[in-house]
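Each remark here refers to the structure printed beneath this line.
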Amino acid sequence: MPAQAACLRAGDHQRRVLKDVFGFDDFRPGQAAVIEALLAGRHVLAVMPTGAGKSLCYQVPALVKGGLTIVVSPLVALMQDQVAALRLAGVAADTINSSLDRDANVAAWRRVASGQTRLLYLAPERLMTERMLEALSRLDVSLIAIDEAHCISQWGPAFRREYEDLSRLRGLFADVPIIALTATADEATRADIEARLFAGRAETLVLGFDRPNIKLAMETKQDSKRQLLRFVERHPGKSGIIYCLSRRKTEEMAAFLEKNGVRALPYHAGMSKEAREANQNAFMSLSGVVMVATIAFGMGIDKPDVAYVFHTDLPGSLEAYYQEIGRAGRDGRPAEAHMLYGAGDIRTRRMFIDDEDTSPEHKRRAHRRLDTLIGYCETAQCRRQVLLGYFGEEAQACGNCDNCLDQAPRADGSAEARTILAAVAQTGERFGAAHVIDILLGHETEKVLARNHQKLTSFRTGIAHRKPVWLSLIRQLVAGGFLTPDADGHGGLAISESGRALGRGEVAFEYRVEGRDRLARGRKRAGQGSTTDGEGVDASLLAVLKTLRLRLAKERQVPAYVVFSDRTLIDMAERQPRDLDDFAEVNGVGAAKLKEFGEIFLGAIAAHEAGGSG
């Protein structure tokens, strides 16, 4: 009983912090399990979908445990936004980084050293200096959180060498629990993070990757500007994010949309800090603003009413695609993820990989990840099944992707598939797509001749089709789980159990045949079941609250969402609180924000009500 009572008291403490500091009544799925593991002193690898509330998984235990929590984050802007948000919530947080002058960094360190600071945000390269590590070793460090932990894995989609050194933390802070957090990590990446960071001794908690409210769709690139405009015009007055590969294209697409009556703003790393912040604040605060951006935009952005994410170019990997589309539909309402892709995109991505200053093995894995993404684009299967399958989850056909809703032209490719499977089997399931296709087409390459593969019965059995057809079929077989790339990342293809069943003729294989533009056919359906932002909420009051939020954010020189999220403003407009007790019940209002902003927002609500009744 005493242990059970202590557990209950700990749980009460967590919920009190959640409510009093952050203003939330309950944890989201998975948060409580992560927090309990950390409070019990265990290391944790938490893989949680974008928008699932990863930050609270270490912020709550940081305040429950006391002492100093170190948060490792890769972006200066993200660190500063999180520190600003915590301070507004009444939490003593600091960051020491290269964008601050020396006096500001020295003052921050004095607060840390004196024990005032609860959470200290650092970039990995600053944390892992001998001087910083020695200084921290003399303090009461109680928790270490590593955000965007996939950056530590050389097999992840965004490996960063400055993250490598973080593997030393386990030995340097032997009694301190460490949490690594990421939204995008396949099984190989998760295993690599566990091995490097925790030597295999960590509790891995993987929440479901599915975002069922997001409709998934692909379209071959023809006239990207017109295709984009047709799509955006289906979502009048909605907020959306459009991703472009280059800064120049970002500017061009934003100008094109503006010319056609769409409120669109550019965002890329080549703009001034002031221009980026102004555009981000407008996007976060106003309805119906479209952000046209490179991948520089998105990390740490929590705008719930993003109705769509549109890719004008192929992303770098399926992980990157998943992370980027996860910025849509965080309010749970129907949203869309639409991508254009073409042969030119694939060539550009191949060139990027080949030009990277990385090892041949890392390049092979990057090419393999790109092949997986292309297979996802080309598949005739349910896209959600393929996407979730990549992250190790099984799913039924979703009924909410283009392949389910608007059937792609398909053909029976069972015979071609068995031709491929035979070549894979006869070569020992050790070779990649290029070598298999050389065999099918009867190419007597040096590699083929060195292994006597020209003598296989599969040699020249595929001359009825050109190389691009075979390559697409192989990618679709991989996407469908009939072929599996080898775990070591060398590109070799192996036949899965479902592939063996296909080889025996027990199951069929349908492949995607690219036909006419399906976006126009989907247009009729687009208007059905559409919802309005903040349904049931006084739109004029919500606009007043957003304007007030923007003014307060500018006065404090922070992004607008740091003051209050859109979710909080919508709840505020629904409740229309009359006094501070009512205001404290609004979702996302903690004690510090109640004190600082309560009277201001109550006054705006009362003035709006008086004006409306007059």
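A note on labels: chains of the structure tokens are A, B, ... as shown, every chain counts residues from 1, and ligands are counted from 1 in their shown order.
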
*Please report, as number ranges by chain, each residue of segment 72-305 of chain A to which DSSP assigns helix (DSSP H, G or I) when run on this structure's backbone.*
A: 76-88, 102-113, 124-127, 130-137, 149-152, 161-172, 187-198, 224-233, 247-259, 273-285

Requested write-out: C-alpha atoms of the selected residues, as a compact mmCIF listing (two decimals), in the first residue's frame:
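In the end it all went to part_39.txt:
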# COMPACT_ATOMS: atom_id res chain seq x y z
CA VAL A 76 18.33 28.21 -32.28
CA ALA A 77 14.93 29.63 -33.29
CA LEU A 78 13.10 26.60 -31.90
CA MET A 79 15.01 26.82 -28.60
CA GLN A 80 14.20 30.51 -28.21
CA ASP A 81 10.51 29.97 -28.97
CA GLN A 82 10.27 27.15 -26.42
CA VAL A 83 12.04 29.20 -23.76
CA ALA A 84 9.70 32.13 -24.43
CA ALA A 85 6.66 29.84 -24.16
CA LEU A 86 7.88 28.34 -20.87
CA ARG A 87 8.59 31.76 -19.37
CA LEU A 88 5.08 32.92 -20.24
CA ARG A 102 28.01 37.45 -24.50
CA ASP A 103 26.33 39.42 -21.72
CA ALA A 104 23.00 37.62 -22.28
CA ASN A 105 24.70 34.21 -22.26
CA VAL A 106 26.68 35.05 -19.10
CA ALA A 107 23.51 36.23 -17.33
CA ALA A 108 21.72 33.03 -18.37
CA TRP A 109 24.55 30.88 -17.02
CA ARG A 110 24.49 32.72 -13.68
CA ARG A 111 20.80 31.87 -13.34
CA VAL A 112 21.59 28.24 -14.16
CA ALA A 113 24.51 28.04 -11.72
CA PRO A 124 24.55 19.71 -29.12
CA GLU A 125 27.85 21.33 -30.14
CA ARG A 126 27.66 23.81 -27.22
CA LEU A 127 26.63 21.16 -24.68
CA GLU A 130 34.59 20.13 -22.21
CA ARG A 131 34.07 23.46 -20.45
CA MET A 132 30.26 23.16 -20.48
CA LEU A 133 30.27 19.49 -19.47
CA GLU A 134 32.62 20.20 -16.56
CA ALA A 135 30.46 23.11 -15.38
CA LEU A 136 27.26 21.08 -15.59
CA SER A 137 28.83 18.15 -13.71
CA ALA A 149 16.87 12.30 -31.82
CA HIS A 150 16.88 10.76 -35.31
CA CYS A 151 19.74 13.19 -36.01
CA ILE A 152 22.02 10.94 -33.93
CA ARG A 161 27.60 14.87 -37.01
CA GLU A 162 27.33 17.22 -34.01
CA TYR A 163 24.76 14.78 -32.57
CA GLU A 164 27.25 11.86 -32.61
CA ASP A 165 29.05 13.07 -29.48
CA LEU A 166 25.81 12.88 -27.44
CA SER A 167 26.46 9.15 -27.01
CA ARG A 168 28.92 10.17 -24.25
CA LEU A 169 26.14 11.59 -22.07
CA ARG A 170 25.14 8.19 -20.67
CA GLY A 171 28.61 7.77 -19.14
CA LEU A 172 29.11 11.40 -18.09
CA GLU A 187 12.98 0.30 -37.13
CA ALA A 188 16.63 0.52 -38.28
CA THR A 189 16.90 4.12 -37.06
CA ARG A 190 15.29 3.27 -33.70
CA ALA A 191 17.71 0.38 -33.19
CA ASP A 192 20.65 2.64 -34.04
CA ILE A 193 19.50 5.34 -31.58
CA GLU A 194 19.07 2.74 -28.83
CA ALA A 195 22.54 1.32 -29.45
CA ARG A 196 24.37 4.64 -29.68
CA LEU A 197 22.63 6.63 -26.98
CA PHE A 198 21.59 3.96 -24.49
CA SER A 224 2.98 22.55 -61.34
CA LYS A 225 1.73 26.14 -61.04
CA ARG A 226 -1.66 25.34 -62.51
CA GLN A 227 -1.92 22.10 -60.57
CA LEU A 228 -1.16 23.99 -57.34
CA LEU A 229 -3.66 26.74 -58.11
CA ARG A 230 -6.43 24.23 -58.87
CA PHE A 231 -5.75 22.53 -55.55
CA VAL A 232 -5.63 25.74 -53.49
CA GLU A 233 -8.83 27.00 -55.11
CA ARG A 247 14.23 29.40 -52.32
CA ARG A 248 13.68 30.76 -55.83
CA LYS A 249 10.69 28.50 -56.41
CA THR A 250 9.28 29.49 -53.01
CA GLU A 251 9.29 33.16 -54.03
CA GLU A 252 7.86 32.38 -57.48
CA MET A 253 5.00 30.22 -56.19
CA ALA A 254 4.04 32.73 -53.49
CA ALA A 255 3.96 35.55 -56.05
CA PHE A 256 1.94 33.39 -58.47
CA LEU A 257 -0.70 32.62 -55.82
CA GLU A 258 -0.88 36.27 -54.74
CA LYS A 259 -1.42 37.27 -58.37
CA LYS A 273 15.09 37.08 -39.66
CA GLU A 274 12.59 39.96 -39.35
CA ALA A 275 10.83 39.04 -42.62
CA ARG A 276 10.60 35.37 -41.66
CA GLU A 277 9.17 36.21 -38.24
CA ALA A 278 6.63 38.64 -39.71
CA ASN A 279 5.40 36.05 -42.19
CA GLN A 280 5.31 33.32 -39.55
CA ASN A 281 3.29 35.54 -37.20
CA ALA A 282 0.82 36.36 -39.97
CA PHE A 283 0.42 32.67 -40.77
CA MET A 284 -0.08 31.75 -37.11
CA SER A 285 -2.47 34.61 -36.32

*Enumerate, as a ChimeraX atom specification, the complete set of residues in segment 58-247 of chain A that a backbone-based DSSP assignment places in strand (DSSP E).*
/A:68-72,93-95,119-122,141-146,178-182,203-206,214-220,239-243

*Using only C-alpha atoms, determine which residues lie at most 6 Å from segment 20-32 of chain A, disregarding the query and same-chain residues fewer than 3 positions distant; provide the list as number ranges by chain.*
A: 16-17, 35, 57, 89, 587-591

Closest pair table for segment 220-296 of chain A residues within 8 Å of segment 300-310 of chain A, only C-alpha atoms, as a Markdown table:
| residue | atom | partner | partner_atom | distance |
| --- | --- | --- | --- | --- |
| A:Leu228 | CA | A:Phe310 | CA | 7.9 |
| A:His235 | CA | A:Ala307 | CA | 7.9 |
| A:Lys238 | CA | A:Ala307 | CA | 6.1 |
| A:Ser239 | CA | A:Val306 | CA | 5.0 |
| A:Gly240 | CA | A:Tyr308 | CA | 4.9 |
| A:Ile241 | CA | A:Val309 | CA | 4.8 |
| A:Ile242 | CA | A:Phe310 | CA | 4.7 |
| A:Tyr243 | CA | A:Phe310 | CA | 6.2 |
| A:Met284 | CA | A:Lys303 | CA | 6.3 |

*For Arg118 of chain A, list every protein, DNA or RNA residue within 10 Å, evaluated using only C-alpha atoms, and leave out those in the same chain fewer than 4 positions away; present the list as a list in words.*
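Using only C-alpha atoms, the neighbours found are Gln59, Ala62, Leu63, Lys65, Gly66, Gly67, Leu68, Thr69, Ile70, Val91, Ala92, Ala93, Asp94, Arg111, Val112, Val141 and Ser142 of chain A.
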
Keeping C-alpha atoms, export the residues of the selection given above as a PDB file, in the first residue's frame.
ATOM      1  CA  GLN A  59       8.764  19.538 -19.344  1.00  0.00           C
ATOM      2  CA  ALA A  62      11.450  18.459 -15.214  1.00  0.00           C
ATOM      3  CA  LEU A  63       9.141  20.425 -12.913  1.00  0.00           C
ATOM      4  CA  LYS A  65      11.722  16.234 -10.288  1.00  0.00           C
ATOM      5  CA  GLY A  66      13.258  19.644  -9.596  1.00  0.00           C
ATOM      6  CA  GLY A  67      16.929  20.258 -10.256  1.00  0.00           C
ATOM      7  CA  LEU A  68      18.128  21.168 -13.759  1.00  0.00           C
ATOM      8  CA  THR A  69      16.860  19.627 -16.980  1.00  0.00           C
ATOM      9  CA  ILE A  70      19.086  19.958 -20.049  1.00  0.00           C
ATOM     10  CA  VAL A  91       8.634  28.358 -15.795  1.00  0.00           C
ATOM     11  CA  ALA A  92      12.243  29.432 -15.274  1.00  0.00           C
ATOM     12  CA  ALA A  93      13.836  28.469 -18.595  1.00  0.00           C
ATOM     13  CA  ASP A  94      16.964  29.671 -20.385  1.00  0.00           C
ATOM     14  CA  ARG A 111      20.800  31.868 -13.339  1.00  0.00           C
ATOM     15  CA  VAL A 112      21.593  28.236 -14.163  1.00  0.00           C
ATOM     16  CA  VAL A 141      21.251  17.752 -13.315  1.00  0.00           C
ATOM     17  CA  SER A 142      18.104  15.623 -12.945  1.00  0.00           C
TER      18      SER A 142
END

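Near Arg551 of chain A, within 12 Å and counting only C-alpha atoms, sit Asn281, Ala282, Ser285, Val544, Leu545, Gln557, Val558, Pro559, Ala560, Tyr561, Val563, Ile600 and Phe601 of chain A, not including residues fewer than 6 positions from it in the same chain.
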
Save out the residues we just selected, C-alpha atoms, as a CSV table (one decimal), in the first residue's frame.
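Final file, out-v7.csv:
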chain,number,residue,atom,x,y,z
A,281,ASN,CA,3.3,35.5,-37.2
A,282,ALA,CA,0.8,36.4,-40.0
A,285,SER,CA,-2.5,34.6,-36.3
A,544,VAL,CA,-10.5,40.0,-32.1
A,545,LEU,CA,-8.7,37.5,-29.9
A,557,GLN,CA,9.0,40.0,-29.3
A,558,VAL,CA,7.9,36.4,-29.5
A,559,PRO,CA,5.9,34.4,-32.1
A,560,ALA,CA,2.1,34.7,-31.7
A,561,TYR,CA,1.5,31.1,-30.9
A,563,VAL,CA,1.2,33.7,-26.2
A,600,ILE,CA,-6.6,41.6,-20.9
A,601,PHE,CA,-8.5,38.9,-22.8

*asked:* Let me make sure I understand: among A:Gly462, A:Gly392, A:Gly375, A:Pro266, which one has the smallest atom-to-atom distance to His443 of chain A if we use only C-alpha atoms?
replied: A:Gly462

Leaving out segment 217-223 of chain A and any residue of its chain fewer than 4 positions from it, which residues lie within 10 Å of it when counting only C-alpha atoms, given as a PDB file with C-alpha atoms, in the first residue's frame?
ATOM      1  CA  GLN A 227      -1.921  22.095 -60.568  1.00  0.00           C
ATOM      2  CA  LEU A 228      -1.159  23.986 -57.345  1.00  0.00           C
ATOM      3  CA  PHE A 310       1.072  20.508 -50.629  1.00  0.00           C
ATOM      4  CA  HIS A 311       4.459  19.377 -51.968  1.00  0.00           C
ATOM      5  CA  THR A 312       5.352  20.927 -55.305  1.00  0.00           C
ATOM      6  CA  ASP A 313       8.484  18.743 -55.366  1.00  0.00           C
ATOM      7  CA  GLU A 336      -5.198  16.840 -47.164  1.00  0.00           C
ATOM      8  CA  ALA A 337      -1.616  15.966 -48.065  1.00  0.00           C
ATOM      9  CA  HIS A 338      -1.058  16.334 -51.804  1.00  0.00           C
ATOM     10  CA  MET A 339       2.202  15.806 -53.633  1.00  0.00           C
ATOM     11  CA  LEU A 340       3.421  16.413 -57.174  1.00  0.00           C
ATOM     12  CA  TYR A 341       6.328  14.309 -58.380  1.00  0.00           C
ATOM     13  CA  GLY A 342       8.156  13.748 -61.651  1.00  0.00           C
ATOM     14  CA  ALA A 343      11.287  12.347 -63.217  1.00  0.00           C
ATOM     15  CA  GLY A 344      13.080  15.675 -62.810  1.00  0.00           C
ATOM     16  CA  ASP A 345      12.504  15.564 -59.032  1.00  0.00           C
ATOM     17  CA  TYR A 376       5.109   5.008 -52.272  1.00  0.00           C
ATOM     18  CA  CYS A 377       4.349   7.529 -55.014  1.00  0.00           C
ATOM     19  CA  GLU A 378       3.939   4.830 -57.648  1.00  0.00           C
ATOM     20  CA  THR A 379       2.042   2.230 -55.635  1.00  0.00           C
ATOM     21  CA  ARG A 383      -1.153   4.695 -49.414  1.00  0.00           C
ATOM     22  CA  ASN A 400      -9.034   8.150 -47.308  1.00  0.00           C
ATOM     23  CA  CYS A 401      -6.299   8.206 -49.958  1.00  0.00           C
ATOM     24  CA  ASP A 402      -6.452   8.700 -53.693  1.00  0.00           C
ATOM     25  CA  ASN A 403      -5.884   5.006 -54.369  1.00  0.00           C
ATOM     26  CA  CYS A 404      -8.828   4.046 -52.149  1.00  0.00           C
ATOM     27  CA  LEU A 405     -11.168   6.900 -53.087  1.00  0.00           C
ATOM     28  CA  ASP A 406     -10.339   7.494 -56.715  1.00  0.00           C
ATOM     29  CA  GLU A 514      -0.267   6.421 -64.672  1.00  0.00           C
ATOM     30  CA  GLY A 515      -3.284   7.809 -66.479  1.00  0.00           C
ATOM     31  CA  ARG A 516      -4.945  11.150 -66.913  1.00  0.00           C
ATOM     32  CA  ASP A 517      -4.965  13.869 -64.241  1.00  0.00           C
ATOM     33  CA  ARG A 518      -7.030  12.619 -61.300  1.00  0.00           C
ATOM     34  CA  LEU A 519      -7.102  15.945 -59.469  1.00  0.00           C
TER      35      LEU A 519
END

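Reported to one decimal place, the separation of atom CA of Ser99 of chain A from atom CA of Ile178 of chain A is 26.5 Å.
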
Produce a table with one row for each residue of segment 403-436 of chain A that has an atom at most 8 Å from any atom of segment 445-457 of chain A, each row naming the nearest atom pair and its distance in Å at one decimal; use only C-alpha atoms; arrange rows by chain and rising residue number; format as a tab-separated table.
residue	atom	partner	partner_atom	distance
A:Gln426	CA	A:Leu456	CA	7.2
A:Thr427	CA	A:His453	CA	7.5
A:His435	CA	A:Val448	CA	7.5

Resulting file, chosen residues, C-alpha atoms, as a short mmCIF file (atom, residue, chain, number, x, y, z; two decimals), in the first residue's frame:
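Dumped to selection.cif:
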data_model
loop_
_atom_site.label_atom_id
_atom_site.label_comp_id
_atom_site.auth_asym_id
_atom_site.auth_seq_id
_atom_site.Cartn_x
_atom_site.Cartn_y
_atom_site.Cartn_z
CA GLN A 426 18.22 -17.13 -58.74
CA THR A 427 20.81 -14.51 -57.75
CA HIS A 435 21.57 -5.72 -61.23
#

Quick one: residues within 8 Å of Arg263 of chain A, only C-alpha atoms, excluding same-chain residues fewer than 2 positions away - as a PDB file with N, CA and C atoms, in the first residue's frame?
ATOM      1  N   LEU A 257       0.566  32.748 -56.555  1.00  0.00           N
ATOM      2  CA  LEU A 257      -0.695  32.619 -55.823  1.00  0.00           C
ATOM      3  C   LEU A 257      -1.271  33.990 -55.483  1.00  0.00           C
ATOM      4  N   GLU A 258      -0.412  34.911 -55.047  1.00  0.00           N
ATOM      5  CA  GLU A 258      -0.879  36.273 -54.741  1.00  0.00           C
ATOM      6  C   GLU A 258      -1.528  36.907 -55.977  1.00  0.00           C
ATOM      7  N   GLY A 261      -5.073  35.887 -56.413  1.00  0.00           N
ATOM      8  CA  GLY A 261      -6.049  36.167 -55.365  1.00  0.00           C
ATOM      9  C   GLY A 261      -5.934  35.347 -54.104  1.00  0.00           C
ATOM     10  N   LEU A 265       2.390  33.802 -48.505  1.00  0.00           N
ATOM     11  CA  LEU A 265       3.623  34.416 -48.015  1.00  0.00           C
ATOM     12  C   LEU A 265       4.782  33.443 -48.181  1.00  0.00           C
ATOM     13  N   GLY A 288      -6.787  31.758 -43.258  1.00  0.00           N
ATOM     14  CA  GLY A 288      -6.726  31.748 -44.703  1.00  0.00           C
ATOM     15  C   GLY A 288      -5.395  32.147 -45.303  1.00  0.00           C
ATOM     16  N   VAL A 289      -4.328  32.186 -44.501  1.00  0.00           N
ATOM     17  CA  VAL A 289      -3.010  32.525 -45.025  1.00  0.00           C
ATOM     18  C   VAL A 289      -2.307  31.236 -45.451  1.00  0.00           C
ATOM     19  N   VAL A 290      -1.704  31.260 -46.636  1.00  0.00           N
ATOM     20  CA  VAL A 290      -0.968  30.116 -47.165  1.00  0.00           C
ATOM     21  C   VAL A 290       0.525  30.414 -47.058  1.00  0.00           C
TER      22      VAL A 290
END
